[in-house]
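A.B. asks: Next comes my_file-v3.txt, compact mmCIF, C-alpha atoms:
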# COMPACT_ATOMS: atom_id res chain seq x y z
CA MET O 219 45.03 34.15 -151.54
CA PRO O 220 46.35 32.01 -148.68
CA PHE O 221 47.21 28.40 -149.55
CA VAL O 222 44.83 27.10 -146.87
CA ARG O 223 41.25 27.67 -145.76
CA ASN O 224 40.09 28.70 -142.31
CA GLY O 225 39.66 25.61 -140.12
CA GLU O 226 41.85 23.39 -142.28
CA ARG O 227 44.07 20.85 -140.52
CA VAL O 228 47.75 21.41 -141.13
CA ILE O 229 51.00 19.78 -140.06
CA PRO O 230 54.47 21.29 -139.56
CA GLY O 231 56.02 22.64 -142.73
CA GLN O 232 52.78 23.07 -144.63
CA LYS O 233 52.48 26.34 -146.58
CA LEU O 234 49.90 28.75 -145.18
CA CYS O 235 50.39 31.99 -147.13
CA VAL O 236 53.08 34.42 -148.23
CA ILE O 237 54.32 37.11 -145.87
CA GLU O 238 52.73 39.93 -147.89
CA GLU O 239 49.26 38.45 -147.29
CA LEU O 240 49.18 37.71 -143.55
CA THR O 241 51.50 38.09 -140.55
CA PRO O 242 52.72 34.87 -138.93
CA GLY O 243 51.03 34.34 -135.54
CA LYS O 244 51.24 31.58 -132.97
CA GLY O 245 52.17 28.13 -134.24
CA THR O 246 53.63 29.48 -137.49
CA TYR O 247 56.94 30.73 -138.82
CA GLU O 248 58.26 32.53 -141.86
CA ASP O 249 60.84 30.70 -143.94
CA GLU O 250 63.76 32.28 -145.80
CA ASN O 251 61.65 32.65 -148.96
CA GLY O 252 58.94 34.73 -147.27
CA ILE O 253 56.46 31.88 -147.05
CA VAL O 254 54.50 31.49 -143.82
CA ARG O 255 54.37 27.83 -142.77
CA ALA O 256 52.82 25.87 -139.93
CA ALA O 257 55.21 25.00 -137.07
CA ILE O 258 52.89 22.70 -135.13
CA PRO O 259 50.09 20.33 -136.09
CA GLY O 260 46.72 21.99 -135.64
CA VAL O 261 43.89 23.92 -137.20
CA VAL O 262 44.39 27.11 -139.22
CA ARG O 263 42.79 30.33 -138.01
CA LEU O 264 42.85 33.15 -140.53
CA ASP O 265 42.24 36.44 -138.76
CA LEU O 266 41.43 38.71 -141.69
CA MET O 267 40.60 41.64 -139.40
CA ASN O 268 44.14 41.82 -138.04
CA TYR O 269 45.84 40.12 -141.00
CA VAL O 270 47.24 37.32 -138.85
CA VAL O 271 47.43 33.63 -139.57
CA GLU O 272 47.88 31.20 -136.70
CA VAL O 273 47.73 27.50 -136.03
CA LYS O 274 45.71 26.36 -133.02
CA GLY O 275 46.86 23.10 -131.56
CA LYS O 276 48.86 21.52 -128.80
CA SER O 277 51.95 23.66 -128.56
CA ALA O 278 54.86 23.37 -126.17
CA ASP O 279 55.24 27.14 -125.81
CA GLN O 280 51.62 27.50 -124.74
CA GLU O 281 52.17 25.02 -121.93
CA LEU O 282 55.32 26.67 -120.63
CA PRO O 283 54.81 29.26 -117.90
CA SER O 284 55.49 32.76 -119.17
CA GLY O 285 55.54 36.29 -117.74
CA LYS O 286 52.66 37.14 -115.34
CA ASP O 287 51.46 33.51 -115.19
CA ILE O 288 50.47 32.26 -111.76
CA VAL O 289 52.23 29.01 -110.92
CA ILE O 290 52.10 26.52 -108.08
CA GLY O 291 55.22 24.85 -106.73
CA TYR O 292 57.00 23.86 -103.60
CA VAL O 293 60.02 25.25 -101.80
CA LEU O 294 62.88 22.98 -102.71
CA GLY O 295 65.59 24.67 -100.71
CA MET O 296 66.36 28.10 -99.36
CA ARG O 297 68.86 30.47 -97.86
CA ASP O 298 68.23 33.73 -96.02
CA GLU O 299 67.71 35.72 -99.19
CA VAL O 300 66.66 33.37 -101.96
CA ALA O 301 64.55 30.24 -102.28
CA ALA O 302 64.49 27.63 -105.03
CA ILE O 303 60.93 26.78 -106.02
CA LYS O 304 60.05 23.67 -108.01
CA ILE O 305 57.22 24.69 -110.33
CA VAL O 306 54.79 21.84 -110.89
CA LYS O 307 51.62 23.48 -112.10
CA SER O 308 50.89 26.52 -114.22
CA VAL O 309 47.67 28.17 -115.31
CA HIS O 310 47.60 25.74 -118.21
CA GLY O 311 47.50 22.72 -115.88
CA VAL O 312 49.98 20.27 -114.47
CA LEU O 313 53.28 20.54 -116.29
CA LYS O 314 53.55 17.09 -117.76
CA GLY O 315 57.20 16.14 -117.98
CA MET O 316 58.18 19.80 -117.70
CA VAL O 317 59.25 20.57 -114.16
CA PHE O 318 61.12 23.83 -113.81
CA THR O 319 62.97 25.48 -110.97
CA GLY O 320 62.35 29.13 -110.18
CA ALA O 321 64.02 31.56 -107.82
CA LEU O 322 62.20 33.66 -105.24
CA HIS O 323 64.23 36.56 -103.90
CA ILE O 324 63.52 38.09 -100.52
CA SER O 325 62.70 41.45 -102.13
CA GLN O 326 59.79 39.79 -103.96
CA ALA O 327 58.79 37.40 -101.20
CA SER O 328 56.07 39.33 -99.43
CA PRO O 329 53.12 41.28 -100.86
CA ARG O 330 53.19 43.60 -97.85
CA GLY O 331 55.68 44.34 -95.11
CA TYR O 332 59.33 43.43 -94.88
CA LEU O 333 61.02 40.13 -94.19
CA ASN O 334 64.33 40.07 -92.30
CA THR O 335 65.01 36.65 -93.68
CA LEU O 336 63.08 34.36 -96.02
CA TYR O 337 62.67 31.94 -93.11
CA ASP O 338 60.22 34.45 -91.58
CA GLY O 339 57.76 33.73 -94.37
CA TYR O 340 58.67 30.44 -96.03
CA ARG O 341 60.08 27.05 -95.11
CA PRO O 342 61.36 24.19 -97.26
CA GLY O 343 58.46 21.98 -98.34
CA ASP O 344 55.85 24.75 -98.31
CA ILE O 345 53.47 24.71 -101.26
CA VAL O 346 53.34 28.17 -102.78
CA LYS O 347 51.40 30.10 -105.37
CA LEU O 348 53.59 32.67 -107.11
CA LYS O 349 53.73 34.87 -110.17
CA VAL O 350 56.30 34.45 -112.93
CA LEU O 351 58.30 37.61 -113.60
CA SER O 352 60.56 36.22 -116.32
CA GLY O 353 62.22 33.09 -117.52
CA PRO O 354 63.34 30.42 -118.03
CA PRO O 355 65.29 30.45 -115.73
CA TYR O 356 62.21 31.56 -113.86
CA VAL O 357 62.22 34.53 -111.50
CA LEU O 358 59.17 34.44 -109.24
CA SER O 359 57.34 36.96 -107.12
CA ALA O 360 54.80 36.87 -104.30
CA LYS O 361 53.77 40.47 -104.88
CA GLY O 362 50.18 40.31 -106.04
CA ASN O 363 46.74 39.14 -105.07
CA ARG O 364 46.29 35.66 -103.63
CA LEU O 365 50.02 34.90 -103.73
CA GLY O 366 52.09 33.25 -101.03
CA VAL O 367 52.06 29.96 -99.15
CA ILE O 368 48.95 27.86 -99.76
CA LEU O 369 49.93 24.90 -97.61
CA ALA O 370 52.61 24.52 -94.94
CA HIS O 371 53.64 21.77 -92.58
CA CYS O 372 54.78 21.93 -89.00
CA SER O 373 58.53 22.32 -88.54
CA ASN O 374 58.38 20.15 -85.42
CA CYS O 375 56.16 17.22 -86.28
CA GLY O 376 55.38 17.53 -90.00
CA ALA O 377 51.60 17.71 -89.62
CA PRO O 378 49.71 20.22 -91.81
CA LEU O 379 49.35 23.69 -90.33
CA TYR O 380 45.96 25.40 -89.98
CA LEU O 381 45.53 29.11 -90.58
CA ARG O 382 44.16 30.98 -87.57
CA LYS O 383 42.16 34.19 -87.72
CA ASP O 384 45.16 36.18 -86.39
CA GLY O 385 47.15 35.13 -89.48
CA ASN O 386 49.43 32.65 -87.72
CA LEU O 387 49.56 28.97 -88.49
CA LYS O 388 48.92 26.37 -85.83
CA CYS O 389 49.74 22.69 -85.71
CA LYS O 390 46.82 20.69 -84.36
CA ARG O 391 49.03 17.78 -83.45
CA CYS O 392 51.76 19.40 -81.35
CA GLY O 393 50.35 22.88 -80.79
CA ASN O 394 53.29 24.62 -82.45
CA THR O 395 52.59 28.09 -83.91
CA GLU O 396 54.43 29.35 -86.98
CA LYS O 397 54.42 32.35 -89.31
CA ARG O 398 54.26 32.35 -93.07
CA VAL O 399 53.49 34.72 -95.92
CA THR O 400 50.10 33.11 -96.45
CA SER O 401 47.93 33.44 -99.50
CA VAL O 402 44.21 34.19 -99.33
CA ASP O 403 43.88 30.75 -100.88
CA TYR O 404 45.52 28.93 -97.94
CA VAL O 405 43.78 25.57 -97.99
CA LEU O 406 43.44 24.65 -94.27
CA ARG O 407 41.69 27.06 -91.93
CA GLU O 408 40.92 26.76 -88.24
CA ARG O 409 37.23 27.19 -87.55
CA MET R 204 77.24 -5.13 -145.49
CA SER R 205 78.75 -8.10 -143.72
CA GLY R 206 79.87 -9.61 -147.02
CA GLY R 207 79.59 -13.27 -147.97
CA LYS R 208 76.96 -14.87 -150.13
CA SER R 209 73.30 -14.36 -149.51
CA PRO R 210 71.29 -17.49 -148.62
CA VAL R 211 68.57 -16.31 -151.02
CA PRO R 212 68.88 -14.63 -154.43
CA LEU R 213 68.65 -10.90 -153.70
CA PHE R 214 67.51 -9.79 -157.14
CA LYS R 215 65.94 -12.09 -159.71
CA ASP R 216 63.72 -11.31 -162.72
CA GLY R 217 63.26 -7.71 -161.63
CA LYS R 218 62.05 -8.77 -158.19
CA ARG R 219 63.75 -8.65 -154.82
CA HIS R 220 64.00 -11.57 -152.39
CA ASP R 221 60.67 -10.64 -150.78
CA GLY R 222 58.84 -10.08 -154.05
CA ARG R 223 59.07 -6.28 -154.09
CA GLY R 224 60.10 -4.28 -157.11
CA PRO R 225 63.15 -1.98 -156.88
CA MET R 226 61.01 1.10 -156.07
CA ASP R 227 58.61 -0.61 -153.67
CA LEU R 228 58.55 0.20 -149.98
CA ARG R 229 57.77 -2.31 -147.29
CA PRO R 230 54.29 -2.02 -145.74
CA ILE R 231 54.48 1.05 -143.50
CA GLU R 232 52.31 1.78 -140.48
CA MET R 233 52.45 4.81 -138.18
CA LYS R 234 50.64 5.85 -135.04
CA VAL R 235 50.99 9.05 -133.07
CA GLY R 236 50.40 9.50 -129.35
CA VAL R 237 51.02 5.92 -128.29
CA LEU R 238 52.61 6.68 -124.90
CA ASN R 239 50.77 8.31 -122.02
CA ASN R 240 53.68 9.64 -120.03
CA ALA R 241 55.59 11.38 -122.81
CA ASN R 242 54.74 14.84 -124.13
CA GLY R 243 54.70 13.34 -127.61
CA SER R 244 55.20 9.86 -129.01
CA ALA R 245 55.01 7.82 -132.16
CA TRP R 246 55.19 4.22 -133.30
CA VAL R 247 56.51 3.43 -136.75
CA LYS R 248 56.68 0.10 -138.53
CA PHE R 249 58.58 -0.45 -141.78
CA GLY R 250 57.92 -4.09 -142.64
CA ARG R 251 59.37 -5.96 -139.70
CA THR R 252 61.30 -2.99 -138.34
CA GLU R 253 59.45 -1.47 -135.42
CA VAL R 254 60.40 1.69 -133.58
CA ILE R 255 58.87 3.74 -130.77
CA ALA R 256 59.89 7.35 -130.17
CA ALA R 257 59.07 9.59 -127.22
CA ALA R 258 59.65 13.33 -126.96
CA TYR R 259 59.86 15.27 -123.72
CA GLY R 260 60.18 18.95 -123.13
CA PRO R 261 61.01 21.73 -123.35
CA ARG R 262 62.13 21.11 -119.79
CA GLU R 263 64.81 22.20 -117.39
CA PRO R 264 68.32 21.08 -118.33
CA PRO R 265 71.14 20.39 -115.93
CA LYS R 266 72.60 23.87 -115.28
CA PHE R 267 75.94 23.23 -116.96
CA MET R 268 74.21 22.09 -120.16
CA SER R 269 71.82 24.98 -120.69
CA LEU R 270 72.38 27.16 -123.74
CA PRO R 271 71.61 30.87 -123.41
CA ASP R 272 70.11 31.36 -126.87
CA ARG R 273 68.31 28.13 -127.70
CA ALA R 274 67.05 24.81 -126.45
CA LEU R 275 69.40 21.87 -126.26
CA LEU R 276 68.21 18.89 -128.26
CA ARG R 277 69.22 15.52 -126.89
CA CYS R 278 68.57 12.28 -128.69
CA ARG R 279 68.99 8.69 -127.63
CA TYR R 280 68.74 5.89 -130.16
CA HIS R 281 68.66 2.51 -128.50
CA MET R 282 68.04 -1.03 -129.65
CA ALA R 283 66.12 -3.22 -127.25
CA PRO R 284 67.99 -6.40 -126.25
CA PHE R 285 65.21 -8.45 -127.88
CA SER R 286 65.15 -6.46 -131.12
CA THR R 287 67.71 -8.56 -132.96
CA ASP R 288 67.99 -12.31 -133.62
CA GLU R 289 70.81 -12.60 -131.10
CA ARG R 290 70.45 -10.78 -127.80
CA LYS R 291 71.92 -7.31 -128.00
CA ASN R 292 73.78 -5.99 -125.00
CA PRO R 293 71.57 -3.17 -123.72
CA ALA R 294 74.55 -0.93 -123.02
CA PRO R 295 74.91 1.82 -125.66
CA SER R 296 77.24 0.61 -128.41
CA ARG R 297 79.44 2.79 -130.60
CA ARG R 298 76.91 2.38 -133.39
CA GLU R 299 74.04 3.56 -131.20
CA ILE R 300 76.02 6.56 -130.02
CA GLU R 301 76.76 7.50 -133.62
CA LEU R 302 73.16 7.06 -134.70
CA SER R 303 71.96 9.15 -131.75
CA LYS R 304 74.28 11.89 -132.98
CA VAL R 305 73.23 11.77 -136.64
CA ILE R 306 69.53 11.68 -135.72
CA ARG R 307 70.03 14.63 -133.37
CA GLU R 308 71.86 16.61 -136.05
CA ALA R 309 69.13 15.86 -138.57
CA LEU R 310 66.41 17.01 -136.18
CA GLU R 311 68.33 20.10 -135.08
CA THR R 312 67.94 21.53 -138.58
CA VAL R 313 64.14 21.50 -138.34
CA VAL R 314 63.31 22.10 -134.67
CA LEU R 315 62.86 25.80 -133.82
CA THR R 316 65.12 25.60 -130.78
CA HIS R 317 65.59 29.38 -130.51
CA LEU R 318 62.04 29.65 -129.14
CA PHE R 319 63.01 27.90 -125.91
CA PRO R 320 66.30 29.26 -124.59
CA ARG R 321 67.81 27.55 -121.54
CA THR R 322 65.68 24.45 -121.89
CA VAL R 323 66.20 20.94 -123.14
CA ILE R 324 64.17 18.82 -125.52
CA ASP R 325 64.70 15.08 -125.20
CA VAL R 326 63.95 12.47 -127.83
CA PHE R 327 64.19 8.79 -126.97
CA VAL R 328 64.01 6.25 -129.75
CA GLU R 329 63.70 2.59 -128.92
CA VAL R 330 64.04 -0.04 -131.63
CA ILE R 331 61.61 -2.81 -130.73
CA GLN R 332 62.35 -5.02 -133.70
CA ALA R 333 65.20 -4.58 -136.15
CA ASP R 334 65.03 -5.70 -139.77
CA GLY R 335 67.13 -3.08 -141.54
CA GLY R 336 66.46 0.62 -141.96
CA THR R 337 66.25 1.29 -138.23
CA ARG R 338 67.92 4.71 -138.40
CA THR R 339 65.51 5.98 -141.03
CA ALA R 340 62.54 4.52 -139.14
CA ALA R 341 63.95 6.12 -135.97
CA ILE R 342 64.23 9.57 -137.51
CA THR R 343 60.73 9.27 -139.00
CA ALA R 344 59.32 8.32 -135.59
CA ALA R 345 61.34 10.96 -133.75
CA SER R 346 60.05 13.79 -135.93
CA LEU R 347 56.46 12.55 -135.47
CA ALA R 348 56.95 12.42 -131.69
CA LEU R 349 58.30 15.99 -131.68
CA ALA R 350 55.34 17.21 -133.72
CA ASP R 351 52.99 15.35 -131.38
CA ALA R 352 54.62 17.07 -128.39
CA GLY R 353 53.75 20.42 -129.98
CA ILE R 354 57.37 21.41 -130.38
CA PRO R 355 57.52 23.95 -133.22
CA MET R 356 59.34 22.58 -136.25
CA LYS R 357 60.10 23.89 -139.71
CA ASP R 358 59.02 20.62 -141.26
CA LEU R 359 58.64 16.92 -140.59
CA VAL R 360 61.60 14.70 -141.36
CA ALA R 361 61.11 11.45 -143.23
CA GLY R 362 63.81 8.90 -143.90
CA ILE R 363 64.40 5.97 -146.20
CA ALA R 364 67.41 3.89 -147.24
CA VAL R 365 68.49 3.03 -150.75
CA GLY R 366 70.71 0.01 -151.29
CA LYS R 367 72.56 -1.73 -154.07
CA VAL R 368 71.99 -5.44 -154.37
CA ASP R 369 73.37 -7.62 -157.14
CA GLY R 370 74.24 -4.43 -159.03
CA HIS R 371 70.70 -3.02 -158.85
CA LEU R 372 69.59 -0.01 -156.85
CA VAL R 373 66.67 -0.79 -154.60
CA LEU R 374 64.58 1.31 -152.23
CA ASP R 375 63.92 0.62 -148.54
CA ILE R 376 66.34 -2.22 -147.95
CA ASP R 377 65.79 -4.78 -145.24
CA GLN R 378 68.28 -6.71 -143.12
CA ILE R 379 69.27 -9.33 -145.72
CA GLU R 380 69.75 -6.72 -148.44
CA ASP R 381 71.76 -4.64 -146.00
CA ASN R 382 73.94 -7.58 -144.95
CA TYR R 383 74.65 -9.01 -148.38
CA GLY R 384 74.24 -5.91 -150.54
CA GLU R 385 76.99 -3.76 -152.04
CA ALA R 386 75.89 -0.38 -150.70
CA ASP R 387 73.51 1.14 -148.20
CA MET R 388 72.57 4.82 -148.35
CA PRO R 389 70.18 6.14 -145.71
CA VAL R 390 68.69 9.52 -146.59
CA ALA R 391 66.38 11.73 -144.56
CA GLY R 392 64.79 14.89 -145.80
CA ALA R 393 62.34 17.67 -145.13
CA VAL R 394 59.94 17.42 -148.07
CA ASN R 395 58.29 20.85 -147.80
CA LEU R 396 61.62 22.61 -147.47
CA ASP R 397 63.18 20.44 -150.17
CA LYS R 398 66.22 19.79 -148.01
CA VAL R 399 68.26 16.70 -147.21
CA VAL R 400 69.02 16.56 -143.49
CA LEU R 401 70.79 13.21 -143.28
CA LEU R 402 72.90 11.42 -145.84
CA GLN R 403 75.19 8.51 -145.17
CA LEU R 404 76.71 6.02 -147.54
CA ASN R 405 78.15 2.67 -146.66
CA GLY R 406 79.73 0.96 -149.68
CA SER R 407 80.44 2.48 -153.05
CA LEU R 408 78.28 3.97 -155.79
CA THR R 409 79.30 5.56 -159.07
CA PRO R 410 78.25 9.22 -159.55
CA GLU R 411 75.43 8.07 -161.87
CA GLU R 412 74.28 5.48 -159.36
CA PHE R 413 74.42 8.08 -156.61
CA ASN R 414 72.21 10.46 -158.58
CA LYS R 415 69.73 7.71 -159.29
CA ALA R 416 69.83 6.60 -155.66
CA MET R 417 69.09 10.14 -154.50
CA TYR R 418 66.16 10.35 -156.88
CA MET R 419 64.83 7.03 -155.60
CA ALA R 420 65.34 8.06 -151.98
CA TRP R 421 63.48 11.32 -152.51
CA GLU R 422 60.55 9.46 -154.10
CA GLY R 423 60.51 7.14 -151.06
CA ILE R 424 60.75 10.06 -148.64
CA LYS R 425 57.72 11.68 -150.27
CA LYS R 426 55.71 8.48 -149.73
CA VAL R 427 56.84 8.23 -146.08
CA TYR R 428 56.02 11.91 -145.58
CA ALA R 429 52.49 11.34 -146.91
CA LEU R 430 52.02 8.60 -144.30
CA GLN R 431 53.41 10.85 -141.56
CA LYS R 432 50.93 13.52 -142.55
CA LYS R 433 48.10 11.00 -142.48
CA ALA R 434 49.10 9.75 -139.01
CA LEU R 435 49.25 13.28 -137.60
CA GLU R 436 45.94 14.26 -139.19
CA GLU R 437 44.34 11.18 -137.67
CA LYS R 438 45.58 12.26 -134.24
CA LEU R 439 44.33 15.81 -134.86
CA ARG R 440 40.89 14.51 -135.77
CA LYS R 441 40.68 12.68 -132.44
CA GLU R 442 41.64 15.69 -130.35
CA VAL R 443 38.54 17.16 -128.81
CA ASN R 444 39.46 20.74 -128.12
CA LEU R 445 40.12 21.82 -131.66
As structure tokens, what does this structure read like?
C.D. replies:
Amino acid sequence: MPFVRNGERVIPGQKLCVIEELTPGKGTYEDENGIVRAAIPGVVRLDLMNYVVEVKGKSADQELPSGKDIVIGYVLGMRDEVAAIKIVKSVHGVLKGMVFTGALHISQASPRGYLNTLYDGYRPGDIVKLKVLSGPPYVLSAKGNRLGVILAHCSNCGAPLYLRKDGNLKCKRCGNTEKRVTSVDYVLRER
Amino acid sequence: MSGGKSPVPLFKDGKRHDGRGPMDLRPIEMKVGVLNNANGSAWVKFGRTEVIAAAYGPREPPKFMSLPDRALLRCRYHMAPFSTDERKNPAPSRREIELSKVIREALETVVLTHLFPRTVIDVFVEVIQADGGTRTAAITAASLALADAGIPMKDLVAGIAVGKVDGHLVLDIDQIEDNYGEADMPVAGAVNLDKVVLLQLNGSLTPEEFNKAMYMAWEGIKKVYALQKKALEEKLRKEVNL
């Protein structure tokens, strides 16, 4: 019999069950004596179908971006082959106090086609939607649906660029035309 | 333990200078989630000692600091300039640097840092008002802030100090007892794991006194832990999405 009931509130260190009864799931750990304990404050969920005990609650590892998560960030700096992306938002919401840097390599920078240099598809300051491959340190990819630049600014005057039907971006202020690896979710479109 | 003679009798007729018995704690209050901008935070009050702790992370460390197999835990214990009766220079003193280190080492034993390689977890502890027992209040608040931030931990850490005044062992000493007492022994422990994670001793105790002091400290730690549990459960009750 587990030491706790389903739905009971627990705090870190509290005994949940012994390892022979249930497998430790999220928000739990097994101590050196084979006792499964809570690692975070939360509510106990006993999954008696799969023999798993977990603690549901605010957990730092749930908020961290992990593999295959879609994240939003901006291009902090770049060279011809690699760009540093500051990740500010993950699927779980805005990363409060947890800003991470990720790397986008040219081989992962475009969902289709080939880029001679990263500058053909990205520029510093662009807001991008990318997929996490691994990390931390995060390795990012633009290969996938709806990934790429979601907002860019004009290299000449700094005004926001509008996406034209031909796929290029146009500045309404100075008339400059630029190219980016744009996402389907690009926010400004020319009508 | 500054020495000299106390302006008030420290132990008379089985009572301490503030009317407490040897095993009595000061009134303790705790609140979790007091700061908006931190991932986790806590406010702890032991009598007139008041401490706020904030936990941030796991977040990106400076590159040269990152550890390949676990998170780096950083801790900063700081006393506000207005926390003492005479203004304290806000620059970190040797004492604050030492306390930051001992608090960090105590917390390192319970935080599951291996879950977050190449990241950093920051804990900031600010003493708002100091009246003895600030390091134990700080460690109590810091562990609550970490739990509030959702950082996986083996157990909560609770701390309390035992002192020796006028030849008597007393629990949860305040500033006067610390200044004019014969010994001060802060202890912090993880109650569920039955482990001591911090033990310091300033002054001298006989082996028998030490054993008794440890017993007293553990009794105090259990009471502080019960209050920590209550504070966290109160926060849990308020959270909507559970």
A.B. asks: Could you please select, counting only C-alpha atoms, the residues of chain R within 8 Å of chain O and state them as a ChimeraX atom specification?
C.D. replies: /R:240-242,259-263,318-322,350-359,395-396,432,435-436,439,445
A.B. asks: Dump as a tab-separated table the rows for residues of stretch 278-360 of chain O within 12 Å of stretch 379-390 of chain O: closest atom pair and distance in Å with one decimal, only C-alpha atoms counted, ordered by chain and rising residue number.
C.D. replies:
residue	atom	partner	partner_atom	distance
O:Asp338	CA	O:Asn386	CA	11.6
O:Gly339	CA	O:Asn386	CA	10.7
O:Tyr340	CA	O:Leu387	CA	11.9
O:Asp344	CA	O:Leu379	CA	10.3
O:Ile345	CA	O:Leu379	CA	11.7
A.B. asks: Could you dump the residues just selected with C-alpha atoms as a tab-separated table (two decimals), keeping the file's coordinate frame?
C.D. replies:
chain	number	residue	atom	x	y	z
O	338	ASP	CA	60.22	34.45	-91.58
O	339	GLY	CA	57.76	33.73	-94.37
O	340	TYR	CA	58.67	30.44	-96.03
O	344	ASP	CA	55.85	24.75	-98.31
O	345	ILE	CA	53.47	24.71	-101.26
A.B. asks: How many Å separate atom CA of R:Asn405 from atom CA of R:Val390?
C.D. replies: 11.7 Å
A.B. asks: Tell me which of O:Val346, O:Cys375, O:Leu322, O:Val236 sits closest to O:Tyr292, counting all atoms listed in the file.
C.D. replies: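 Smallest separation from O:Tyr292 among the options: O:Val346.
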A.B. asks: Quick one: distance from atom CA of O:Leu406 to atom CA of O:Leu369 in Å, one decimal?
C.D. replies: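 Taking atom CA of O:Leu406 as the start and atom CA of O:Leu369 as the end point, the length is 7.3 Å.
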A.B. asks: Could you name the residues that touch stretch 364-372 of chain R at 6 Å or less, counting only C-alpha atoms, but leaving out those on the same chain fewer than 3 positions away, as a PDB file with C-alpha atoms, keeping the file's coordinate frame?
C.D. replies:
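What ended up in part-v3.pdb:
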ATOM      1  CA  ASP R 375      63.920   0.620-148.540  1.00  0.00           C
ATOM      2  CA  ILE R 376      66.340  -2.220-147.950  1.00  0.00           C
ATOM      3  CA  GLY R 384      74.240  -5.910-150.540  1.00  0.00           C
ATOM      4  CA  GLU R 385      76.990  -3.760-152.040  1.00  0.00           C
ATOM      5  CA  ALA R 386      75.890  -0.380-150.700  1.00  0.00           C
ATOM      6  CA  ASP R 387      73.510   1.140-148.200  1.00  0.00           C
ATOM      7  CA  MET R 388      72.570   4.820-148.350  1.00  0.00           C
ATOM      8  CA  PRO R 389      70.180   6.140-145.710  1.00  0.00           C
ATOM      9  CA  VAL R 390      68.690   9.520-146.590  1.00  0.00           C
TER      10      VAL R 390
END
A.B. asks: List the neighbours of stretch 295-303 of chain R out to 7 Å using only C-alpha atoms; skip same-chain residues closer than 5 positions along the sequence, and give me the result as a PyMOL selection string.
C.D. replies: chain R and resi 278-281+338
A.B. asks: Using all atoms listed in the file, find all polymer residues with an atom at most 10 Å away from the point (75.1, 14.4, -149.2); report them as a CSV table (one decimal) with C-alpha atoms, in the coordinates of the input.
C.D. replies:
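Once everything was written out, this is result-v3.csv:
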chain,number,residue,atom,x,y,z
R,388,MET,CA,72.6,4.8,-148.4
R,390,VAL,CA,68.7,9.5,-146.6
R,399,VAL,CA,68.3,16.7,-147.2
R,400,VAL,CA,69.0,16.6,-143.5
R,401,LEU,CA,70.8,13.2,-143.3
R,402,LEU,CA,72.9,11.4,-145.8
R,403,GLN,CA,75.2,8.5,-145.2
R,404,LEU,CA,76.7,6.0,-147.5
R,413,PHE,CA,74.4,8.1,-156.6
R,417,MET,CA,69.1,10.1,-154.5
A.B. asks: Which one is closest to O:Lys361: O:Leu336, O:Ile303, O:Ile288, O:Val262? Count all atoms listed in the file.
C.D. replies: O:Ile288
A.B. asks: Got a sec: who's within 12 Å of O:Ala321, counting only C-alpha atoms, leaving out chain neighbours fewer than 4 positions off, as a PyMOL selection string?
C.D. replies: chain O and resi 291-297+299-305+325-327+348-360
A.B. asks: May I ask which of the residues O:Lys397, O:Arg263, O:Arg341, O:His371 is the closest one to O:Pro220, counting all atoms listed in the file?
C.D. replies: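 Of all the options, O:Arg263 lies closest to O:Pro220.
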A.B. asks: Which distance in Å separates atom CA of R:Lys433 and atom CA of R:Ile231, to one decimal?
C.D. replies: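 Spanning atom CA of R:Lys433 to atom CA of R:Ile231 is a straight-line distance of 11.9 Å.
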A.B. asks: If we count all atoms listed in the file and set the cut-off at 7 Å, which residues sit around stretch 267-270 of chain O, ignoring sequence neighbours fewer than 4 positions away in its own chain? Please answer as a list of chain:residue names.
C.D. replies: O:Leu240, O:Thr241, O:Pro242, O:Gly243
A.B. asks: Identify, on the basis of all atoms listed in the file, every residue whose closest approach to O:Thr400 does not exceed 6 Å; exclude the query and any residue fewer than 2 positions from it along the same chain; express the result as a ChimeraX atom specification.
C.D. replies: /O:366-367,398
A.B. asks: Please determine, counting only C-alpha atoms, which residue among R:Ala274, R:Ala283, R:Ile306, R:Leu213 has the shortest atom-to-atom distance to R:Gln332.
C.D. replies: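 Looking only at the distances to R:Gln332, the closest residue turns out to be R:Ala283.
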A.B. asks: Around all of stretch 244-261 of chain O's listed atoms, make the axis-aligned box with 5 Å on each side and tell me centre and edge lengths in Å to one decimal, as lines of an AutoDock Vina configuration file.
C.D. replies:
center_x = 53.8
center_y = 27.5
center_z = -141.0
size_x = 29.9
size_y = 24.4
size_z = 26.0
